[in-house]
Every structure is written in structure tokens, then in C-alpha cells.
file final25.txt (compact mmCIF, C-alpha atoms)
# COMPACT_ATOMS: atom_id res chain seq x y z
CA MET G 1 14.42 11.08 -61.76
CA LEU G 2 15.45 7.46 -61.22
CA TYR G 3 15.00 5.47 -64.42
CA PHE G 4 15.07 1.69 -64.59
CA GLU G 5 18.83 1.73 -65.23
CA ASP G 6 19.40 3.78 -62.05
CA LEU G 7 17.74 1.24 -59.77
CA HIS G 8 20.17 -1.06 -57.94
CA SER G 9 19.65 -3.54 -55.13
CA ASP G 10 21.97 -1.58 -52.86
CA VAL G 11 19.93 1.61 -53.32
CA LEU G 12 17.85 2.52 -50.30
CA GLN G 13 15.74 5.65 -50.37
CA VAL G 14 14.24 7.22 -47.29
CA SER G 15 11.62 9.89 -47.63
CA GLY G 16 10.94 12.90 -45.49
CA THR G 17 8.39 12.64 -42.72
CA TYR G 18 4.64 13.04 -42.49
CA GLU G 19 3.07 14.29 -39.27
CA LEU G 20 -0.26 12.51 -38.69
CA ARG G 21 -2.89 14.65 -36.98
CA GLU G 22 -5.97 13.46 -35.11
CA ASN G 23 -8.37 15.77 -36.99
CA GLU G 24 -7.01 14.44 -40.29
CA ILE G 25 -7.54 10.80 -39.21
CA ILE G 26 -11.16 11.55 -38.29
CA ALA G 27 -11.89 13.63 -41.41
CA PHE G 28 -10.37 11.02 -43.75
CA ALA G 29 -12.25 8.19 -42.05
CA ARG G 30 -15.57 10.05 -42.16
CA GLU G 31 -15.16 10.45 -45.91
CA TRP G 32 -13.58 7.12 -46.91
CA ASP G 33 -13.67 4.53 -44.10
CA PRO G 34 -16.28 5.49 -41.45
CA GLN G 35 -15.55 2.72 -38.97
CA PRO G 36 -16.29 3.75 -35.35
CA PHE G 37 -12.71 3.05 -34.20
CA HIS G 38 -11.42 5.65 -36.71
CA ILE G 39 -13.85 8.45 -35.85
CA ASP G 40 -15.00 8.00 -32.24
CA HIS G 41 -12.68 8.04 -29.22
CA GLU G 42 -14.92 5.86 -27.04
CA ALA G 43 -15.40 3.21 -29.73
CA ALA G 44 -11.67 3.33 -30.48
CA ALA G 45 -10.83 2.81 -26.79
CA ARG G 46 -13.01 -0.35 -26.77
CA SER G 47 -11.42 -1.72 -29.96
CA PRO G 48 -8.64 -4.33 -29.89
CA LEU G 49 -6.13 -1.56 -30.72
CA GLN G 50 -7.32 0.48 -27.72
CA GLY G 51 -7.30 3.94 -29.23
CA LEU G 52 -7.85 6.04 -32.32
CA PHE G 53 -5.81 5.01 -35.36
CA ALA G 54 -5.69 5.80 -39.07
CA SER G 55 -7.60 3.75 -41.59
CA SER G 56 -5.52 1.35 -43.71
CA VAL G 57 -6.62 3.32 -46.80
CA HIS G 58 -5.38 6.54 -45.18
CA THR G 59 -2.07 4.94 -44.21
CA TYR G 60 -1.56 3.69 -47.77
CA ALA G 61 -2.41 7.18 -49.12
CA ILE G 62 0.31 8.65 -46.88
CA THR G 63 2.76 6.08 -48.28
CA SER G 64 1.81 7.08 -51.81
CA ARG G 65 2.28 10.75 -50.98
CA LEU G 66 5.74 10.17 -49.50
CA LEU G 67 6.72 8.15 -52.59
CA SER G 68 5.76 11.09 -54.79
CA GLN G 69 7.90 13.47 -52.70
CA LEU G 70 11.24 11.64 -52.94
CA ASP G 71 14.26 13.81 -53.82
CA ARG G 72 14.82 11.55 -56.83
CA PRO G 73 11.43 10.04 -57.65
CA ILE G 74 11.25 6.74 -59.49
CA ALA G 75 10.09 7.06 -63.12
CA ALA G 76 7.18 4.72 -62.40
CA ILE G 77 4.56 4.33 -65.10
CA ALA G 78 2.13 2.15 -63.17
CA GLY G 79 1.76 -0.16 -60.23
CA VAL G 80 1.25 -3.75 -61.38
CA ARG G 81 0.75 -5.51 -58.04
CA ASN G 82 0.86 -4.58 -54.35
CA GLU G 83 1.03 -6.88 -51.33
CA ILE G 84 0.20 -4.87 -48.23
CA GLU G 85 0.67 -5.70 -44.54
CA MET G 86 -0.39 -3.50 -41.63
CA PRO G 87 1.64 -4.79 -38.65
CA GLY G 88 0.73 -1.89 -36.35
CA PRO G 89 -1.50 1.17 -36.13
CA ALA G 90 -0.67 4.71 -37.25
CA ARG G 91 -1.86 7.00 -34.46
CA PRO G 92 -2.44 10.71 -33.94
CA GLY G 93 0.87 12.50 -33.41
CA ASP G 94 2.94 9.90 -35.25
CA SER G 95 5.79 11.14 -37.41
CA LEU G 96 5.84 8.70 -40.33
CA SER G 97 8.76 8.03 -42.68
CA LEU G 98 9.15 5.69 -45.63
CA GLY G 99 12.10 3.47 -46.52
CA ILE G 100 12.42 1.78 -49.92
CA VAL G 101 14.61 -1.12 -51.07
CA LEU G 102 14.81 -2.59 -54.59
CA LEU G 103 14.47 -6.38 -54.43
CA ASP G 104 14.61 -7.27 -58.12
CA LYS G 105 14.34 -5.80 -61.61
CA ARG G 106 14.05 -6.98 -65.19
CA VAL G 107 13.37 -5.54 -68.63
CA SER G 108 9.78 -6.09 -69.76
CA ALA G 109 9.58 -8.97 -72.26
CA SER G 110 6.69 -7.37 -74.14
CA LYS G 111 7.82 -3.71 -73.94
CA PRO G 112 11.64 -3.46 -73.92
CA ASP G 113 11.46 0.32 -73.45
CA ARG G 114 10.16 -0.39 -69.93
CA GLY G 115 11.31 -2.36 -66.95
CA LEU G 116 9.71 -4.06 -63.98
CA GLY G 117 10.97 -3.49 -60.46
CA THR G 118 10.00 -5.11 -57.18
CA LEU G 119 10.19 -2.70 -54.25
CA ALA G 120 9.93 -3.33 -50.53
CA CYS G 121 8.60 -0.28 -48.69
CA GLU G 122 8.16 0.23 -44.97
CA LEU G 123 6.28 3.10 -43.38
CA LYS G 124 7.52 3.54 -39.80
CA ASN G 125 6.57 5.80 -36.93
CA GLN G 126 8.99 7.86 -34.84
CA HIS G 127 9.68 4.81 -32.61
CA GLY G 128 10.76 2.67 -35.58
CA SER G 129 7.59 0.55 -35.48
CA VAL G 130 6.31 -0.51 -38.90
CA VAL G 131 2.74 0.66 -39.55
CA LEU G 132 2.61 -0.41 -43.22
CA ARG G 133 4.71 -2.76 -45.30
CA VAL G 134 4.14 -3.06 -49.03
CA HIS G 135 5.88 -5.10 -51.71
CA SER G 136 5.15 -3.55 -55.08
CA LEU G 137 5.76 -4.65 -58.63
CA ILE G 138 6.02 -1.46 -60.67
CA LEU G 139 6.43 -0.66 -64.34
CA VAL G 140 9.34 1.77 -64.71
CA GLN G 141 10.39 3.92 -67.65
CA ARG G 142 13.78 3.13 -69.14
CA ARG G 143 16.17 5.96 -69.79
CA PRO G 144 15.47 7.43 -73.23
CA GLY G 145 17.85 5.82 -75.72
CA ALA G 146 18.72 2.93 -73.38
CA ASP G 147 19.72 -0.39 -74.96
CA SER G 148 16.70 -2.69 -75.19
CA GLY G 149 18.84 -5.73 -74.32
CA SER G 150 18.12 -7.82 -71.27
CA LEU G 151 19.08 -6.13 -68.01
CA ARG G 152 18.51 -7.95 -64.79
CA GLY G 153 19.34 -6.67 -61.36
CA PRO G 154 20.77 -8.88 -58.64
CA ARG G 155 18.23 -10.23 -56.20
CA SER G 156 18.64 -9.14 -52.61
CA PRO G 157 16.93 -10.49 -49.50
CA ARG G 158 13.45 -9.21 -48.67
CA ALA G 159 13.42 -6.19 -46.40
call {"tool": "encode", "arguments": {"input": "final25.txt", "output": "C-alpha cells"}}
result
Amino acid sequence: MLYFEDLHSDVLQVSGTYELRENEIIAFAREWDPQPFHIDHEAAARSPLQGLFASSVHTYAITSRLLSQLDRPIAAIAGVRNEIEMPGPARPGDSLSLGIVLLDKRVSASKPDRGLGTLACELKNQHGSVVLRVHSLILVQRRPGADSGSLRGPRSPRA
């Protein structure tokens, strides 16, 4: 488990991979985002992206799943804010992987037993193309017994 004190700007975590299947894209979209370009091949072919692709909600869910499967998961308590970009589509057959970089951290002013961290995450396909980019402000548990003094991590450039 990575507690607040374990997070450093030079730490980069990369998750395992997630194989995206066509039947999964269609089933997820039918349930949660039934747009024609997510569930129908002909409609998808006529769309600006010219083919079937995963819903943004589905792509974010895959990101969340990969975050939960890290070898050393972050001791996150809650997400405070997310800024999401979808620069490209996630398509059937894609092998998706997630990279994570810490941009900044600080001890919570109101709850010194917790810290706040800003993460930059990129979900990429097997060709290295980014299909989802998210900057997240997360509330992170401090190591039990950690000093409640002010800890601030160095700021690194945005990923």
C-alpha cells in the first residue's frame, strides 16, 4: 500500500493491461450508454470516428479497474476532483495500460491525518496512443502514526 508519505514526484506506476473485447463494448453501451456508434457497426462506420469504439464511461471504468489492480495500490480515501480528456477512441482488440505520475501533494489543512495528491494518469493502447487522460485530486491516507506536520511534495511538470 502506498500511503501519502510514499508518494513522490519521481514515482511512476504502470499497471498491467486490459484487453478490450467487442462484445464487452456493445454490452456495456447497451446498459449504460446506448449510443448507436457504440452498439451498431453500421452506425459506428458512419460516425466521425469511423468504427466501433468504447463509451467514455466504459473507458473511465477500465481506468478505475486498472488503478485498483496496481501492485502497490494508493491508499486513496476518495476522489475530490477529476479532469478527463478523451484524445482518441478505445477500440475492440485494444490492449490498454495505465501510467500514473504524481504532480503534487500536500497535507490536508483540515484533516492532518490525510493528504491530498494530484495524479496525472494516461490510459494508452498497444500503439502508445492515449485514449483517456485524467488529472485527479485524491484524498490519501497518511501512514498510521505519521507526523501531522506540513509535508509538501515537489511539483513536477504535467504529464
call {"tool": "residues_near_point", "arguments": {"input": "final25.txt", "point": "(17.4, -2.7, -57.8)", "cutoff": "6 Å", "atoms": "all atoms listed in the file", "output": "count of residues only"}}
result
8
call {"tool": "residues_around", "arguments": {"input": "final25.txt", "residues": "Gln50 of chain G", "least_positions_apart": "2", "cutoff": "12 Å", "atoms": "only C-alpha atoms", "output": "ChimeraX atom specification"}}
result
/G:37-38,40-48,52-53,89,91
call {"tool": "write_last_selection", "arguments": {"input": "final25.txt", "atoms": "C-alpha atoms", "output": "short mmCIF file (atom, residue, chain, number, x, y, z; two decimals), in the frame of the given file"}}
result
data_model
loop_
_atom_site.label_atom_id
_atom_site.label_comp_id
_atom_site.auth_asym_id
_atom_site.auth_seq_id
_atom_site.Cartn_x
_atom_site.Cartn_y
_atom_site.Cartn_z
CA PHE G 37 -12.71 3.05 -34.20
CA HIS G 38 -11.42 5.65 -36.71
CA ASP G 40 -15.00 8.00 -32.24
CA HIS G 41 -12.68 8.04 -29.22
CA GLU G 42 -14.92 5.86 -27.04
CA ALA G 43 -15.40 3.21 -29.73
CA ALA G 44 -11.67 3.33 -30.48
CA ALA G 45 -10.83 2.81 -26.79
CA ARG G 46 -13.01 -0.35 -26.77
CA SER G 47 -11.42 -1.72 -29.96
CA PRO G 48 -8.64 -4.33 -29.89
CA LEU G 52 -7.85 6.04 -32.32
CA PHE G 53 -5.81 5.01 -35.36
CA PRO G 89 -1.50 1.17 -36.13
CA ARG G 91 -1.86 7.00 -34.46
#
call {"tool": "residues_around", "arguments": {"input": "final25.txt", "residues": "Arg114 of chain G", "least_positions_apart": "2", "cutoff": "6 Å", "atoms": "only C-alpha atoms", "output": "VMD selection string"}}
result
chain G and resid 108 111 to 112 140 to 142
call {"tool": "atom_distance", "arguments": {"input": "final25.txt", "atom1": "atom CA of Ala120 of chain G", "atom2": "atom CA of Val134 of chain G"}}
result
6.0 Å
call {"tool": "closest_residue", "arguments": {"input": "final25.txt", "among": "G:Asp94, G:Asp71, G:Glu85, G:Asp113", "to": "Val14 of chain G", "atoms": "all atoms listed in the file"}}
result
G:Asp71
call {"tool": "atom_distance", "arguments": {"input": "final25.txt", "atom1": "atom CA of Asn82 of chain G", "atom2": "atom CA of Glu22 of chain G"}}
result
27.2 Å
call {"tool": "closest_residue", "arguments": {"input": "final25.txt", "among": "G:Val101, G:Gly93, G:Gly88, G:Gly115", "to": "Gly128 of chain G", "atoms": "all atoms listed in the file"}}
result
G:Gly88
call {"tool": "decode", "arguments": {"input": "final25.txt", "residues": "segment 88-129 of chain G", "atoms": "N, CA and C atoms", "output": "JSON list (two decimals), in the first residue's frame"}}
result
[["chain", "number", "residue", "atom", "x", "y", "z"],
["G", 88, "GLY", "N", -8.51, 10.04, -27.97],
["G", 88, "GLY", "CA", -8.70, 9.06, -29.04],
["G", 88, "GLY", "C", -9.60, 7.95, -28.58],
["G", 89, "PRO", "N", -10.12, 7.16, -29.50],
["G", 89, "PRO", "CA", -11.05, 6.08, -29.14],
["G", 89, "PRO", "C", -10.35, 4.82, -28.66],
["G", 90, "ALA", "N", -11.03, 4.11, -27.76],
["G", 90, "ALA", "CA", -10.61, 2.76, -27.36],
["G", 90, "ALA", "C", -11.46, 1.80, -28.20],
["G", 91, "ARG", "N", -10.81, 0.92, -28.94],
["G", 91, "ARG", "CA", -11.49, 0.08, -29.92],
["G", 91, "ARG", "C", -11.40, -1.40, -29.55],
["G", 92, "PRO", "N", -12.28, -2.20, -30.16],
["G", 92, "PRO", "CA", -12.20, -3.65, -29.93],
["G", 92, "PRO", "C", -10.80, -4.17, -30.26],
["G", 93, "GLY", "N", -10.29, -5.03, -29.40],
["G", 93, "GLY", "CA", -8.97, -5.61, -29.62],
["G", 93, "GLY", "C", -7.84, -4.81, -29.01],
["G", 94, "ASP", "N", -8.12, -3.61, -28.52],
["G", 94, "ASP", "CA", -7.05, -2.81, -27.90],
["G", 94, "ASP", "C", -6.58, -3.46, -26.60],
["G", 95, "SER", "N", -5.28, -3.37, -26.38],
["G", 95, "SER", "CA", -4.67, -3.77, -25.12],
["G", 95, "SER", "C", -4.32, -2.48, -24.40],
["G", 96, "LEU", "N", -5.04, -2.18, -23.33],
["G", 96, "LEU", "CA", -4.93, -0.89, -22.66],
["G", 96, "LEU", "C", -4.07, -1.00, -21.41],
["G", 97, "SER", "N", -3.21, 0.01, -21.20],
["G", 97, "SER", "CA", -2.38, 0.06, -19.99],
["G", 97, "SER", "C", -2.43, 1.47, -19.43],
["G", 98, "LEU", "N", -2.19, 1.57, -18.13],
["G", 98, "LEU", "CA", -2.33, 2.84, -17.42],
["G", 98, "LEU", "C", -1.01, 3.25, -16.80],
["G", 99, "GLY", "N", -0.59, 4.48, -17.05],
["G", 99, "GLY", "CA", 0.58, 5.07, -16.41],
["G", 99, "GLY", "C", 0.14, 6.18, -15.48],
["G", 100, "ILE", "N", 0.84, 6.32, -14.35],
["G", 100, "ILE", "CA", 0.46, 7.29, -13.32],
["G", 100, "ILE", "C", 1.68, 8.07, -12.86],
["G", 101, "VAL", "N", 1.55, 9.39, -12.78],
["G", 101, "VAL", "CA", 2.61, 10.26, -12.29],
["G", 101, "VAL", "C", 2.03, 11.18, -11.22],
["G", 102, "LEU", "N", 2.73, 11.34, -10.10],
["G", 102, "LEU", "CA", 2.34, 12.28, -9.06],
["G", 102, "LEU", "C", 2.82, 13.67, -9.46],
["G", 103, "LEU", "N", 1.90, 14.64, -9.51],
["G", 103, "LEU", "CA", 2.26, 16.01, -9.87],
["G", 103, "LEU", "C", 2.53, 16.88, -8.64],
["G", 104, "ASP", "N", 1.75, 16.64, -7.57],
["G", 104, "ASP", "CA", 1.86, 17.49, -6.39],
["G", 104, "ASP", "C", 1.22, 16.77, -5.21],
["G", 105, "LYS", "N", 1.62, 17.15, -4.00],
["G", 105, "LYS", "CA", 0.96, 16.62, -2.81],
["G", 105, "LYS", "C", 1.10, 17.61, -1.67],
["G", 106, "ARG", "N", 0.14, 17.54, -0.75],
["G", 106, "ARG", "CA", 0.18, 18.38, 0.44],
["G", 106, "ARG", "C", -0.67, 17.74, 1.53],
["G", 107, "VAL", "N", -0.33, 18.02, 2.78],
["G", 107, "VAL", "CA", -1.13, 17.55, 3.91],
["G", 107, "VAL", "C", -2.42, 18.36, 3.92],
["G", 108, "SER", "N", -3.53, 17.72, 4.22],
["G", 108, "SER", "CA", -4.81, 18.40, 4.33],
["G", 108, "SER", "C", -4.76, 19.40, 5.48],
["G", 109, "ALA", "N", -5.20, 20.64, 5.23],
["G", 109, "ALA", "CA", -5.22, 21.66, 6.27],
["G", 109, "ALA", "C", -6.27, 21.34, 7.33],
["G", 110, "SER", "N", -7.39, 20.75, 6.93],
["G", 110, "SER", "CA", -8.47, 20.49, 7.87],
["G", 110, "SER", "C", -8.37, 19.12, 8.53],
["G", 111, "LYS", "N", -7.68, 18.17, 7.91],
["G", 111, "LYS", "CA", -7.54, 16.82, 8.45],
["G", 111, "LYS", "C", -6.09, 16.38, 8.29],
["G", 112, "PRO", "N", -5.21, 16.72, 9.25],
["G", 112, "PRO", "CA", -3.79, 16.44, 9.10],
["G", 112, "PRO", "C", -3.43, 14.95, 9.05],
["G", 113, "ASP", "N", -4.38, 14.07, 9.33],
["G", 113, "ASP", "CA", -4.12, 12.63, 9.20],
["G", 113, "ASP", "C", -4.31, 12.16, 7.76],
["G", 114, "ARG", "N", -4.58, 13.11, 6.87],
["G", 114, "ARG", "CA", -4.81, 12.80, 5.45],
["G", 114, "ARG", "C", -4.02, 13.77, 4.59],
["G", 115, "GLY", "N", -3.77, 13.35, 3.37],
["G", 115, "GLY", "CA", -3.08, 14.21, 2.43],
["G", 115, "GLY", "C", -3.86, 14.30, 1.14],
["G", 116, "LEU", "N", -3.50, 15.28, 0.33],
["G", 116, "LEU", "CA", -4.09, 15.45, -0.99],
["G", 116, "LEU", "C", -2.99, 15.27, -2.03],
["G", 117, "GLY", "N", -3.28, 14.49, -3.05],
["G", 117, "GLY", "CA", -2.32, 14.27, -4.12],
["G", 117, "GLY", "C", -2.96, 14.54, -5.46],
["G", 118, "THR", "N", -2.20, 15.14, -6.36],
["G", 118, "THR", "CA", -2.66, 15.36, -7.73],
["G", 118, "THR", "C", -1.94, 14.37, -8.63],
["G", 119, "LEU", "N", -2.71, 13.52, -9.30],
["G", 119, "LEU", "CA", -2.16, 12.49, -10.17],
["G", 119, "LEU", "C", -2.48, 12.80, -11.63],
["G", 120, "ALA", "N", -1.55, 12.49, -12.50],
["G", 120, "ALA", "CA", -1.79, 12.51, -13.94],
["G", 120, "ALA", "C", -1.78, 11.06, -14.40],
["G", 121, "CYS", "N", -2.87, 10.62, -14.99],
["G", 121, "CYS", "CA", -2.99, 9.24, -15.47],
["G", 121, "CYS", "C", -3.24, 9.25, -16.97],
["G", 122, "GLU", "N", -2.61, 8.32, -17.66],
["G", 122, "GLU", "CA", -2.87, 8.14, -19.09],
["G", 122, "GLU", "C", -3.15, 6.68, -19.37],
["G", 123, "LEU", "N", -4.27, 6.44, -20.03],
["G", 123, "LEU", "CA", -4.64, 5.12, -20.50],
["G", 123, "LEU", "C", -4.27, 5.08, -21.98],
["G", 124, "LYS", "N", -3.38, 4.14, -22.33],
["G", 124, "LYS", "CA", -2.88, 4.05, -23.71],
["G", 124, "LYS", "C", -3.19, 2.69, -24.30],
["G", 125, "ASN", "N", -3.33, 2.67, -25.62],
["G", 125, "ASN", "CA", -3.50, 1.38, -26.31],
["G", 125, "ASN", "C", -2.13, 0.80, -26.65],
["G", 126, "GLN", "N", -2.14, -0.34, -27.30],
["G", 126, "GLN", "CA", -0.91, -1.07, -27.61],
["G", 126, "GLN", "C", 0.01, -0.31, -28.56],
["G", 127, "HIS", "N", -0.50, 0.73, -29.23],
["G", 127, "HIS", "CA", 0.31, 1.54, -30.14],
["G", 127, "HIS", "C", 0.88, 2.78, -29.45],
["G", 128, "GLY", "N", 0.56, 2.94, -28.16],
["G", 128, "GLY", "CA", 1.04, 4.10, -27.41],
["G", 128, "GLY", "C", 0.13, 5.32, -27.55],
["G", 129, "SER", "N", -1.01, 5.17, -28.21],
["G", 129, "SER", "CA", -1.95, 6.28, -28.37],
["G", 129, "SER", "C", -2.78, 6.43, -27.10]]
